[in-house]
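Participant: The structure file final.txt (compact mmCIF, C-alpha atoms) is provided below.
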# COMPACT_ATOMS: atom_id res chain seq x y z
CA MET A 398 0.00 0.00 0.00
CA ALA A 399 1.48 3.32 -1.00
CA THR A 400 1.39 6.07 1.58
CA VAL A 401 2.21 9.73 1.79
CA ASP A 402 4.17 10.22 5.01
CA THR A 403 4.41 13.83 6.05
CA ALA A 404 7.91 14.77 7.08
CA SER A 405 8.45 16.46 10.41
CA ALA A 406 9.35 20.12 10.39
CA ALA A 407 11.88 21.94 12.52
CA PRO A 408 10.70 22.48 16.10
CA TYR A 409 8.34 25.39 16.43
CA ALA A 410 6.72 26.45 19.64
CA PRO A 411 2.94 25.88 19.41
CA PRO A 412 0.53 28.47 20.78
CA ALA A 413 -0.55 27.93 24.32
CA ARG A 414 -3.71 25.84 24.60
CA PRO A 415 -6.54 27.96 25.95
CA CYS A 416 -7.70 27.01 29.40
CA SER A 417 -11.37 26.73 30.19
CA THR A 418 -12.78 28.09 33.43
CA ALA A 419 -16.10 26.35 32.89
CA PRO A 420 -17.07 23.87 35.60
CA PRO A 421 -16.78 20.18 34.73
CA LEU A 422 -19.78 18.46 33.25
CA GLN A 423 -22.07 17.03 35.88
CA ARG A 424 -24.08 13.94 35.10
CA PRO A 425 -27.46 13.63 36.81
CA PRO A 426 -27.74 10.73 39.24
CA VAL A 427 -29.21 7.57 37.83
CA ARG A 428 -32.39 6.70 39.63
CA SER A 429 -33.54 3.16 39.85
CA VAL A 430 -37.10 2.84 38.59
CA PRO A 431 -38.80 -0.46 39.29
CA GLU A 432 -40.15 -2.14 36.21
CA GLN A 433 -43.89 -2.28 35.93
CA PRO A 434 -45.45 -5.49 34.69
CA HIS A 435 -47.03 -5.20 31.27
CA SER A 436 -50.76 -5.54 31.27
CA ALA A 437 -53.21 -5.67 28.44
CA THR A 438 -55.18 -2.98 30.27
CA THR A 439 -52.32 -0.49 29.74
CA LEU A 440 -52.42 -0.85 25.96
CA ILE A 441 -54.42 1.67 23.94
CA SER A 442 -56.57 -0.31 21.56
CA SER A 443 -57.16 2.58 19.15
CA VAL A 444 -53.40 2.94 18.62
CA GLN A 445 -53.11 -0.78 17.97
CA ARG A 446 -55.90 -0.60 15.40
CA ALA A 447 -54.33 2.41 13.69
CA MET A 448 -51.01 0.60 13.45
CA ARG A 449 -52.74 -2.41 11.87
CA LEU A 450 -54.33 -0.12 9.30
CA LEU A 451 -50.99 1.49 8.48
CA GLU A 452 -49.40 -1.93 8.00
CA SER A 453 -52.27 -2.99 5.78
CA VAL A 454 -52.02 0.15 3.63
CA ALA A 455 -48.26 -0.33 3.33
CA GLY A 456 -48.92 -3.71 1.75
CA HIS A 457 -50.88 -2.14 -1.12
CA GLU A 458 -48.58 -0.18 -3.41
CA CYS A 459 -51.53 0.80 -5.60
CA GLY A 460 -53.74 1.78 -2.67
CA ALA A 461 -56.73 0.05 -1.11
CA PRO A 462 -60.34 1.06 -0.28
CA ALA A 463 -61.61 1.32 3.29
CA LYS A 464 -63.76 -1.81 3.03
CA GLN A 465 -60.80 -3.95 2.03
CA LEU A 466 -58.62 -2.48 4.79
CA ALA A 467 -61.34 -3.07 7.38
CA ARG A 468 -61.68 -6.68 6.25
CA GLU A 469 -57.92 -7.28 6.33
CA THR A 470 -57.51 -5.81 9.80
CA GLY A 471 -60.67 -7.35 11.26
CA LEU A 472 -62.14 -3.94 12.14
CA ALA A 473 -65.74 -2.85 11.94
CA LEU A 474 -66.18 -0.58 8.93
CA PRO A 475 -67.27 2.51 11.00
CA THR A 476 -64.18 2.09 13.22
CA ALA A 477 -61.92 1.71 10.19
CA TYR A 478 -63.41 4.85 8.58
CA HIS A 479 -62.88 6.86 11.76
CA LEU A 480 -59.23 5.78 12.12
CA LEU A 481 -58.50 6.23 8.43
CA ARG A 482 -59.84 9.80 8.49
CA THR A 483 -57.69 10.53 11.53
CA LEU A 484 -54.58 9.11 9.89
CA VAL A 485 -55.25 11.15 6.75
CA HIS A 486 -55.68 14.30 8.85
CA GLU A 487 -52.34 13.67 10.59
CA GLY A 488 -50.52 13.02 7.30
CA TYR A 489 -49.79 9.35 7.86
CA LEU A 490 -52.17 8.38 5.04
CA ARG A 491 -53.51 10.14 1.98
CA ARG A 492 -56.74 9.45 0.13
CA ASP A 493 -57.08 9.57 -3.62
CA LYS A 494 -60.24 8.52 -5.51
CA GLY A 495 -61.44 6.37 -2.62
CA LEU A 496 -58.12 4.58 -2.16
CA PHE A 497 -55.74 5.00 0.77
CA PHE A 498 -51.97 5.33 0.41
CA LEU A 499 -49.13 5.98 2.83
CA GLY A 500 -48.77 9.71 3.50
CA GLU A 501 -45.71 11.91 3.81
CA ALA A 502 -45.49 11.50 7.60
CA ALA A 503 -45.34 7.71 7.26
CA VAL A 504 -42.74 7.98 4.49
CA ARG A 505 -40.60 10.22 6.71
CA LEU A 506 -40.80 7.65 9.48
CA GLY A 507 -39.72 4.92 7.10
CA GLY A 508 -36.85 7.04 5.79
CA SER A 509 -35.67 7.79 9.32
CA GLY A 510 -35.75 4.11 10.16
CA ALA A 511 -33.68 3.27 7.09
CA ALA A 512 -31.17 5.98 7.95
CA GLN A 513 -30.87 4.66 11.49
CA LYS A 514 -30.26 1.18 10.14
CA ARG A 515 -27.51 2.51 7.87
CA ARG A 516 -25.90 4.34 10.78
CA SER A 517 -26.08 1.19 12.86
CA THR A 518 -24.33 -0.73 10.09
CA VAL A 519 -21.49 1.80 10.01
CA VAL A 520 -21.16 1.83 13.80
CA ASP A 521 -21.04 -1.97 13.97
CA THR A 522 -18.51 -2.18 11.14
CA LEU A 523 -16.18 0.38 12.72
CA ALA A 524 -16.42 -1.44 16.05
CA HIS A 525 -15.44 -4.70 14.31
CA TRP A 526 -12.41 -3.06 12.69
CA ARG A 527 -11.51 -1.36 15.97
CA ASP A 528 -11.42 -4.72 17.75
CA SER A 529 -9.74 -6.73 14.99
CA ILE A 530 -6.99 -4.17 14.30
CA GLY A 531 -6.73 -2.89 17.86
CA VAL A 532 -6.90 0.83 17.06
CA PRO A 533 -9.48 3.62 17.18
CA VAL A 534 -11.30 3.96 13.84
CA TYR A 535 -12.80 7.15 12.41
CA TYR A 536 -15.20 7.80 9.53
CA ALA A 537 -15.38 11.30 8.04
CA VAL A 538 -16.73 13.03 4.93
CA TYR A 539 -16.28 16.35 3.16
CA ARG A 540 -19.73 17.82 2.72
CA GLU A 541 -20.74 21.29 1.50
CA GLY A 542 -17.29 22.69 2.12
CA GLU A 543 -16.94 21.29 5.62
CA ILE A 544 -15.21 18.31 7.24
CA GLU A 545 -17.63 16.19 9.25
CA VAL A 546 -16.44 13.38 11.49
CA MET A 547 -19.47 11.10 11.30
CA CYS A 548 -18.45 8.26 13.60
CA VAL A 549 -15.61 7.38 15.97
CA SER A 550 -15.13 3.92 17.49
CA ASP A 551 -12.64 3.55 20.34
CA THR A 552 -12.18 1.84 23.70
CA PRO A 553 -10.75 2.95 27.06
CA GLY A 554 -7.62 0.95 26.24
CA ASN A 555 -7.34 2.51 22.77
CA PRO A 556 -8.85 5.98 23.08
CA ALA A 557 -9.48 8.29 20.13
CA VAL A 558 -7.53 11.52 19.69
CA GLU A 559 -8.96 14.34 21.77
CA GLU A 560 -10.38 17.07 19.52
CA TRP A 561 -8.50 19.86 21.27
CA ALA A 562 -8.56 22.04 18.13
CA ASP A 563 -11.67 22.00 15.93
CA PHE A 564 -11.28 19.31 13.25
CA ARG A 565 -13.15 21.50 10.76
CA GLU A 566 -10.66 24.35 11.11
CA THR A 567 -7.49 22.23 11.17
CA ALA A 568 -7.84 19.97 8.12
CA HIS A 569 -4.25 20.85 7.14
CA ALA A 570 -2.94 19.31 10.37
CA HIS A 571 -4.58 15.88 10.66
CA ALA A 572 -4.63 12.83 8.41
CA ILE A 573 -8.42 12.89 8.08
CA GLY A 574 -8.40 16.44 6.73
CA GLN A 575 -5.39 15.95 4.49
CA CYS A 576 -6.94 12.80 3.01
CA LEU A 577 -10.24 14.57 2.32
CA LEU A 578 -8.57 17.65 0.83
CA SER A 579 -6.41 15.45 -1.41
CA GLN A 580 -9.61 14.15 -3.04
CA LEU A 581 -10.79 17.65 -4.00
CA ASP A 582 -9.80 19.65 -7.07
CA GLU A 583 -7.32 22.50 -6.67
CA ASP A 584 -9.96 25.24 -6.65
CA SER A 585 -11.91 23.49 -3.89
CA ARG A 586 -8.73 23.08 -1.84
CA ARG A 587 -7.89 26.76 -2.18
CA ASP A 588 -11.45 27.69 -1.25
CA HIS A 589 -11.17 25.61 1.92
CA LEU A 590 -7.82 27.12 2.87
CA THR A 591 -9.19 30.62 2.30
CA ARG A 592 -11.83 29.91 4.91
CA TYR A 593 -9.53 27.91 7.21
CA PRO A 594 -5.94 29.13 6.77
CA VAL A 595 -2.97 26.99 7.69
CA GLN A 596 -1.75 27.57 11.23
CA SER A 597 0.94 25.75 13.19
CA ILE A 598 -0.62 23.97 16.14
CA THR A 599 2.33 21.68 16.98
CA PRO A 600 6.05 21.87 16.12
CA TYR A 601 5.39 19.44 13.25
CA THR A 602 2.43 21.08 11.53
CA VAL A 603 2.83 22.15 7.90
CA ARG A 604 3.89 25.79 7.81
CA ASP A 605 1.99 27.43 4.94
CA ASP A 606 -0.63 26.96 2.22
CA HIS A 607 1.95 26.55 -0.55
CA THR A 608 3.70 23.67 1.21
CA LEU A 609 0.39 21.97 1.94
CA MET A 610 -0.86 22.35 -1.63
CA ARG A 611 2.34 20.74 -2.96
CA ARG A 612 1.96 17.89 -0.50
CA LEU A 613 -1.67 17.26 -1.46
CA ALA A 614 -0.81 17.32 -5.17
CA ARG A 615 1.62 14.43 -4.60
CA VAL A 616 -1.05 12.16 -3.12
CA ARG A 617 -2.02 9.54 -5.67
CA ARG A 618 -5.53 8.15 -6.07
CA MET A 619 -6.47 5.65 -3.34
CA GLU A 620 -3.21 6.33 -1.50
CA ALA A 621 -3.20 6.43 2.29
CA VAL A 622 -2.14 9.64 4.00
CA VAL A 623 0.01 9.49 7.13
CA GLU A 624 0.78 12.30 9.57
CA ARG A 625 2.96 12.21 12.64
CA GLN A 626 2.23 14.56 15.55
CA GLU A 627 1.02 17.37 13.27
CA TYR A 628 -2.34 17.65 15.02
CA ALA A 629 -1.60 16.27 18.48
CA LEU A 630 1.77 15.70 20.10
CA GLY A 631 2.30 12.05 20.94
CA THR A 632 -0.11 10.79 18.25
CA VAL A 633 0.34 9.41 14.72
CA CYS A 634 -2.53 8.89 12.26
CA ALA A 635 -3.29 7.34 8.87
CA ALA A 636 -6.33 7.91 6.64
CA ILE A 637 -7.65 5.79 3.76
CA PRO A 638 -9.56 7.56 0.94
CA ILE A 639 -13.01 6.24 0.06
CA THR A 640 -15.03 7.07 -3.03
CA VAL A 641 -18.76 7.35 -2.34
CA GLY A 642 -20.31 8.65 -5.54
CA THR A 643 -18.95 12.16 -5.95
CA SER A 644 -18.35 12.68 -2.22
CA ALA A 645 -14.94 12.63 -0.57
CA ALA A 646 -14.81 10.29 2.42
CA THR A 647 -12.21 8.57 4.55
CA MET A 648 -11.65 5.90 7.17
CA ALA A 649 -8.78 6.65 9.54
CA ILE A 650 -6.89 5.25 12.51
CA SER A 651 -4.65 6.70 15.22
CA LEU A 652 -1.95 5.37 17.52
CA PRO A 653 0.26 6.72 20.30
CA ALA A 654 3.59 7.91 18.88
CA HIS A 655 5.51 5.19 20.75
CA GLN A 656 3.52 2.63 18.70
CA SER A 657 4.24 4.34 15.37
CA GLY A 658 5.92 1.17 14.10
CA ARG A 659 2.43 -0.40 13.88
CA LEU A 660 0.88 2.46 11.93
CA LEU A 661 1.59 1.35 8.34
CA SER A 662 0.66 -2.29 8.91
CA ALA A 663 -2.55 -1.26 10.70
CA ALA A 664 -3.38 1.12 7.84
CA GLN A 665 -2.81 -1.68 5.32
CA GLN A 666 -5.13 -3.95 7.29
CA LEU A 667 -7.80 -1.25 7.41
CA GLN A 668 -7.48 -0.62 3.66
CA HIS A 669 -7.88 -4.35 3.00
CA GLU A 670 -10.99 -4.49 5.21
CA VAL A 671 -12.48 -1.39 3.61
CA GLY A 672 -11.88 -2.76 0.12
CA ARG A 673 -13.44 -6.10 1.03
CA MET A 674 -16.60 -4.60 2.52
CA LEU A 675 -17.04 -1.37 0.58
CA GLY A 676 -19.60 -2.84 -1.79
CA SER A 677 -21.96 -3.76 1.03
CA LEU A 678 -21.27 -0.48 2.83
CA ALA A 679 -21.70 1.80 -0.18
CA LEU A 680 -25.19 2.88 0.83
CA SER A 681 -24.60 2.76 4.56
CA ILE A 682 -21.64 5.12 4.57
CA SER A 683 -23.67 7.78 2.79
CA ILE A 684 -25.06 8.87 6.16
Could you write out this structure as structure tokens?
Facilitator:
Amino acid sequence: MATVDTASAAPYAPPARPCSTAPPLQRPPVRSVPEQPHSATTLISSVQRAMRLLESVAGHECGAPAKQLARETGLALPTAYHLLRTLVHEGYLRRDKGLFFLGEAAVRLGGSGAAQKRRSTVVDTLAHWRDSIGVPVYYAVYREGEIEVMCVSDTPGNPAVEEWADFRETAHAHAIGQCLLSQLDEDSRRDHLTRYPVQSITPYTVRDDHTLMRRLARVRRMEAVVERQEYALGTVCAAIPITVGTSAATMAISLPAHQSGRLLSAAQQLQHEVGRMLGSLALSISI
């Protein structure tokens, strides 16, 4: 696997990290609430009937009349009419020429459920890679001119890098940002750097826009990007480019600097895993 390994610069004193005077986060105490036994008397029958109607309508792509829906759900016709009118009023159904179809509210619910399932797939996959490779794993995208870290999977024994400087504003300094910027065209890179100029945040951070632009231009397609202590002292990172349609995306890992000898082999293992599973994850990682 080819990599671009950023060379360390001459020591340069980083700016002092701002100190916060805000009090530490306080978590509310967890109260033990005894479980209540389920009882049929606590169930709302009208909600159950409405759900049965929604399920029945969902099974008819071309719509269905009230009489058919009442028959399928075992409801009296007056009850079915009443619930159907209510569901239409709330946007969960729509009525057209006497037939009932799923409404926009129901479609939104279905879309949200699908999105949650996709997110769950990504979370589970990153957790698997985290455990099998033994490193924190990150998933990030470049969307509408901004870097978004979508998911991070780590453990107490292998913690993720602390975001002590905003990832969005320091793309030049970390492997995730450099990998995403390398996938953009030159104009898009310059636009990003105009909004988020290069600044040295450790002694090893790239010094100026020109140097960064030359570095990004040397990154070949599907080549991993490696940085060593440019974002956080004591940490080394590698990022693997991912093509998701026209969007720039990346999977990345990090390690303590004293384990830097593992970085390239861990990055190769991640790239192999990503390549093996990318087909099944193509839709999921578009979260």
Participant: Go through A:Lys464, A:Arg618, A:His655, A:His607 one by one, measure the shortest atom-to-atom distance of each to A:Gly631 using all atoms listed in the file, and give the residue with the smallest value.
Facilitator: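 Of A:Lys464, A:Arg618, A:His655, A:His607, the one nearest A:Gly631 is A:His655, counting all atoms listed in the file.
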Participant: Between A:Leu652, A:Gln580, A:Glu624, A:Trp526, which is the closest to A:His669 once you count only C-alpha atoms?
Facilitator: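 Among the listed residues, A:Trp526 lies closest to A:His669.
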Participant: Quote the spacing between atom CA of A:Gln626 and atom CA of A:Val546 in Å to one decimal place.
Facilitator: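 Rounded to one decimal, the two atoms are 19.1 Å apart.
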Participant: Need to verify the contact set: A:Arg587, 10 Å, all atoms listed in the file, exclusion of same-chain residues closer than 4 positions in sequence. Can you return it as a PyMOL selection string?
Facilitator: chain A and resi 578+581-583+591-594+606-607+610
Participant: Between atom CA of A:Ile544 and atom CA of A:His525, what is the distance, to one decimal in Å?
Facilitator: 24.1 Å
Participant: If I put a ball of radius 12 Å at (-11.6, 22.5, 14.3) in the file's coordinates, which residues poke into it when counting all atoms listed in the file, written as a ChimeraX atom specification?
Facilitator: /A:543-546,559-571,573-574,592-596,598,628
Participant: Set the distance at 12 Å and use only C-alpha atoms: which residues neighbour A:Ala447 once local chain neighbours fewer than 5 positions away are removed? I'd like the list as a ChimeraX atom specification.
Facilitator: /A:441-442,452-454,466-467,470-472,476-485,487,489-490
Participant: Select, counting all atoms listed in the file, all protein, DNA and RNA residues no farther than 10 Å from (-7.8, -1.6, 4.9) in file coordinates, and express the selection as a PDB file with C-alpha atoms, keeping the file's coordinate frame.
Facilitator:
ATOM      1  CA  MET A 398       0.000   0.000   0.000  1.00  0.00           C
ATOM      2  CA  TRP A 526     -12.410  -3.060  12.690  1.00  0.00           C
ATOM      3  CA  ILE A 530      -6.990  -4.170  14.300  1.00  0.00           C
ATOM      4  CA  ALA A 621      -3.200   6.430   2.290  1.00  0.00           C
ATOM      5  CA  ALA A 636      -6.330   7.910   6.640  1.00  0.00           C
ATOM      6  CA  ILE A 637      -7.650   5.790   3.760  1.00  0.00           C
ATOM      7  CA  MET A 648     -11.650   5.900   7.170  1.00  0.00           C
ATOM      8  CA  ALA A 649      -8.780   6.650   9.540  1.00  0.00           C
ATOM      9  CA  SER A 662       0.660  -2.290   8.910  1.00  0.00           C
ATOM     10  CA  ALA A 663      -2.550  -1.260  10.700  1.00  0.00           C
ATOM     11  CA  ALA A 664      -3.380   1.120   7.840  1.00  0.00           C
ATOM     12  CA  GLN A 665      -2.810  -1.680   5.320  1.00  0.00           C
ATOM     13  CA  GLN A 666      -5.130  -3.950   7.290  1.00  0.00           C
ATOM     14  CA  LEU A 667      -7.800  -1.250   7.410  1.00  0.00           C
ATOM     15  CA  GLN A 668      -7.480  -0.620   3.660  1.00  0.00           C
ATOM     16  CA  HIS A 669      -7.880  -4.350   3.000  1.00  0.00           C
ATOM     17  CA  GLU A 670     -10.990  -4.490   5.210  1.00  0.00           C
ATOM     18  CA  VAL A 671     -12.480  -1.390   3.610  1.00  0.00           C
ATOM     19  CA  GLY A 672     -11.880  -2.760   0.120  1.00  0.00           C
ATOM     20  CA  ARG A 673     -13.440  -6.100   1.030  1.00  0.00           C
ATOM     21  CA  MET A 674     -16.600  -4.600   2.520  1.00  0.00           C
TER      22      MET A 674
END
Participant: Could you work out how far atom CA of A:Leu523 lies from atom CA of A:His589, giving the answer in Å with one decimal?
Facilitator: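 Result for atom CA of A:His589 versus atom CA of A:Leu523: 27.9 Å, one decimal.
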Participant: Looking at A:Leu613, A:Ile650, A:Leu496, A:Ala635, which one is nearest to A:Pro556, with distances taken over all atoms listed in the file?
Facilitator: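 Counting all atoms listed in the file, the residue closest to A:Pro556 is A:Ile650.
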Participant: When you count only C-alpha atoms, which of these residues is closest to A:Arg625: A:Ser657, A:Thr640, A:Ser529, A:Ser597?
Facilitator: A:Ser657
Participant: Pick the closest to A:Val549 from A:Thr608, A:Thr602, A:Ser651, A:Gln656: which is it, counting all atoms listed in the file?
Facilitator: A:Ser651
Participant: Could you check which of A:Cys634, A:Gln575, A:Lys494, A:Ser550 is closest to A:Arg659, using all atoms listed in the file?
Facilitator: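 Using all atoms listed in the file, the shortest distance to A:Arg659 belongs to A:Cys634.
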